[in-house]
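Working notes for the structure below.
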Amino acid sequence: MLGLTAPPQGSNRNRRRQATRYTSSMSDVRSVLCLSGHDPTGGAGVQADIEAVSAAGVHPLTVITALTVQDTGNVRELVPVAPALLHRALAVLMDDCPVHAVKIGLIGDAAQLPVIAAALRRLRVPVVCDPVLRAGGGRELAHAALRTALLEQLLPLVDVLTPNAAEARRLAPAATLADSGRQLLAAGARQALVTGGDEPGDTVENLWFAPGTAPESFRWPRLPQRFHGAGCTLAAAIAAQLALGRAPREAVVAAQAWTHGALAAARRIGGGRALPWRRP
Ligand code: PLP
């Protein structure tokens with residue numbers, strides 16, 4: 001039989017017993033709830049989350065916040081999911097499935113924030129937030145109302161915030177990037193990793209901000225390509241590590257190394273930027 005086992009035969013009762021046997025191992029499975037936009041190229045958004053979380057052996061639960069029209073170069077359109085639908089999707093999922101960490105990426109609009117904040121308050125698990133303000137191709141993805149709502153309603157519920165340098169400066173304008181990072185913690189984020197992929201130079205410097213310590217620098221050689229979905233990949237990888245029980249700094253160290261590997265193996269599947277290669 002080519003090594004294949006025949007599918008279970010028999011009555012509904014047998015099939016129900018089989019299902020119970022499968023679910024009895026449910027508690028072994030760690031899951032990350034990903035709140036993300038859909039990117040049809042598969043580079044960013046929910047597909048980045050699914051691949052990065054799965055690569056860590058963790059299960060991705062996915063609730064879509066927005067549909068987009070985009071290619072590997074830039075976002076053309078963004079259509080938010082209605083808050084009431086988002087609420088129902090989250091409520092039904094949370095009633096059924098244990099969640100061990102949350103990753104928040106693109107938020108459709110400010111009206112979604114109260115729904116997301118309520119879910120986070122209910123779950124009380126580690127939260128990673130990648131504040132997606134602008135696409136790498138330049139398209140604005142978060143207008144002023146969303147930025148304000150993000151700072152006021154979401155930041156105080158976030159364990160690890162992962163803005164790139166431009167996002168950190170926009171959310172917390174200050175004289176230096178280090179000051180912006182410190183301000184983000186003062187505004188409520190428990191920790192922040194400010195990534196430097198969007199800064200110039202041969203070295204990419206990511207700065208880790210945690211309470212009571214000086215910012216810690218992680219340096220990576222600049223890779224030759226430009227990427228689409230690097231930020232989503234890193235944030236999802238951090239969330240997966242947190243779901244596995246790692247402490248935030250440990251999670252950030254592991255996720256950066258894994259993401260660097262995915263970027264080093266990136267492939268161009270279209271005419272724009274390269275996509276991180278997150279497959280084994
Ligand atoms: N589309 C979606 C759904 C996203 O979540 C993001 C970023 O998080 C982008 C597009 C933009 O990705 P990038 O800036 O890497 O091109």
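A note on labels: chains of the structure tokens are A, B, ... as shown, every chain counts residues from 1, and ligands are counted from 1 in their shown order.
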
**Study point:** Distance filter 7 Å around ligand 1, atoms: only C-alpha atoms and all ligand atoms, out as number ranges by chain
**Key:** A: 36-39, 44-46, 68, 74-75, 105-106, 132, 134-137, 227-232

Okay, now the selection with C-alpha atoms, as a short mmCIF file (atom, residue, chain, number, x, y, z; two decimals), in the first residue's frame?
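And here's selection19.cif as it stands now:
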```cif
data_model
loop_
_atom_site.label_atom_id
_atom_site.label_comp_id
_atom_site.auth_asym_id
_atom_site.auth_seq_id
_atom_site.Cartn_x
_atom_site.Cartn_y
_atom_site.Cartn_z
CA SER A 36 -2.93 40.41 9.86
CA GLY A 37 -3.77 41.66 6.43
CA HIS A 38 -3.84 39.44 3.38
CA ASP A 39 -1.07 40.06 0.85
CA ALA A 44 3.95 39.87 3.89
CA GLY A 45 0.84 39.71 6.04
CA VAL A 46 -0.94 36.53 7.00
CA THR A 68 -5.11 44.32 -0.05
CA ASN A 74 3.87 48.25 -3.42
CA VAL A 75 0.35 48.18 -1.94
CA GLY A 105 0.44 43.17 11.98
CA LEU A 106 -1.50 45.42 9.64
CA VAL A 132 2.69 48.61 10.00
CA ARG A 134 3.80 52.37 5.51
CA ALA A 135 4.59 49.68 2.94
CA GLY A 136 8.20 49.25 1.87
CA GLY A 137 7.07 50.47 -1.56
CA PHE A 227 12.75 42.56 0.87
CA HIS A 228 8.97 42.47 1.02
CA GLY A 229 7.63 41.03 4.27
CA ALA A 230 10.77 41.08 6.40
CA GLY A 231 9.07 42.90 9.31
CA CYS A 232 6.06 40.56 9.36
#
```

Review point. Could you pull out all residues of region 43-238 of chain A with a DSSP call of alpha helix (DSSP H) and give them as a PyMOL selection string?
Key: chain A and resi 45-55+83-96+113-123+144-149+165-171+177-186+230-238

Mind checking which residues fall within 12 Å of Gly212 (chain A), counting only C-alpha atoms, ignoring those fewer than 6 positions away in the same chain, and posting them as a compact mmCIF listing (two decimals) with C-alpha atoms, in the first residue's frame?
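Result saved to around_7.txt:
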```txt
# COMPACT_ATOMS: atom_id res chain seq x y z
CA ARG A 182 12.57 54.91 25.20
CA LEU A 185 8.30 52.16 26.39
CA ALA A 186 7.10 55.22 28.29
CA ARG A 190 6.78 46.61 27.67
CA GLN A 191 9.72 46.04 25.31
```

Exercise for review: Give me every strand (DSSP E) residue in region 143-270 of chain A, going by DSSP on the backbone, as a ChimeraX atom specification.
Suggested key: /A:160-161,191-194,203-209,216-221

Practice item. Record the distance separating CA of Gly73 (chain A) and CA of Leu207 (chain A), expressed in Å with one decimal. Key: 26.8 Å

Check your understanding: Which polymer residues have any atom within 12 Å of an atom of Ala254 (chain A), counting only C-alpha atoms, with same-chain residues fewer than 6 positions away left out, as a list in words?
Key ->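 Near Ala254 (chain A), the qualifying residues are Ala56, Phe218, Leu234, Ala235, Ala236, Ala237, Ile238, Ala239, Ala240, Gln241, Leu242, Leu244, Arg246, Ala247, Pro248, His260 and Gly261 of chain A.
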
Point to revise | Pick from A:Val63, A:Val53, A:Leu113, A:Leu157, whichever lies nearest to Val32 (chain A) using only C-alpha atoms | key: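 Of all the options, A:Val53 lies closest to Val32 (chain A).
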
Practice item. Just the residues within 7 Å of Ala274 (chain A), please, counting only C-alpha atoms, with nothing from its chain fewer than 6 positions along; format it as a PyMOL selection string. Key: chain A and resi 225-228+266-268

**Study point:** Of the listed residues A:Thr162, A:Thr148, A:Thr72, A:Asn206, that which approaches Pro276 (chain A) most closely, counting only C-alpha atoms
**Key:**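 Checking each of A:Thr162, A:Thr148, A:Thr72, A:Asn206 against Pro276 (chain A), counting only C-alpha atoms, the winner is A:Thr72.
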
Practice item. Using only C-alpha atoms, pick whichever of A:Ile50, A:Val69, A:Ala89, A:Leu193 has the shortest atom-to-atom distance to Ile116 (chain A). Key: A:Ala89

Practice item. Measuring atom to atom with only C-alpha atoms, identify which of A:Ile107, A:Leu223, A:Ala48, A:Met26 is nearest to Thr65 (chain A). Key: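 Closest to Thr65 (chain A) of all the choices is A:Ile107.
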
Need to verify the contact set: Ile104 (chain A), 7 Å, only C-alpha atoms, exclusion of same-chain residues closer than 6 positions in sequence. Can you return it as a PDB file with C-alpha atoms, in the first residue's frame?
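Saved as part_5.pdb:
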```
ATOM      1  CA  CYS A  34      -2.160  36.226  14.032  1.00  0.00           C
ATOM      2  CA  LEU A  35      -4.159  39.361  13.266  1.00  0.00           C
ATOM      3  CA  SER A  36      -2.930  40.409   9.861  1.00  0.00           C
ATOM      4  CA  VAL A 128       3.902  41.089  19.624  1.00  0.00           C
ATOM      5  CA  CYS A 129       2.883  44.096  17.554  1.00  0.00           C
ATOM      6  CA  ASP A 130       4.494  45.094  14.284  1.00  0.00           C
TER       7      ASP A 130
END
```

Contacts of Glu51 (chain A) at 7 Å or less, counting only C-alpha atoms, minus same-chain residues fewer than 4 places along, as a compact mmCIF listing (two decimals) with C-alpha atoms, in the first residue's frame?
```txt
# COMPACT_ATOMS: atom_id res chain seq x y z
CA GLN A 47 1.08 34.24 4.74
CA ALA A 55 8.50 26.90 10.83
CA ARG A 278 10.57 30.68 5.19
```

Practice item. Could you jot down the CA of Leu263 (chain A) to CA of Ala165 (chain A) separation for me, Å, one decimal place? Key: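 Spanning CA of Leu263 (chain A) to CA of Ala165 (chain A) is a straight-line distance of 18.3 Å.
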
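Distances to Thr62 (chain A) were evaluated for A:Ser217, A:Leu90, A:Ala82, A:Arg76 using only C-alpha atoms, and the minimum falls at A:Leu90.
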
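The closest residue to Arg222 (chain A), picked from A:Gly43, A:Gly245, A:Gly196, A:Pro173 and counting only C-alpha atoms, is A:Gly196.
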
Point to revise | Computed interatomic separation between CA of Phe209 (chain A) and CA of Leu155 (chain A) (Å) | key: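 Straight-line distance from CA of Phe209 (chain A) to CA of Leu155 (chain A) works out to 14.3 Å.
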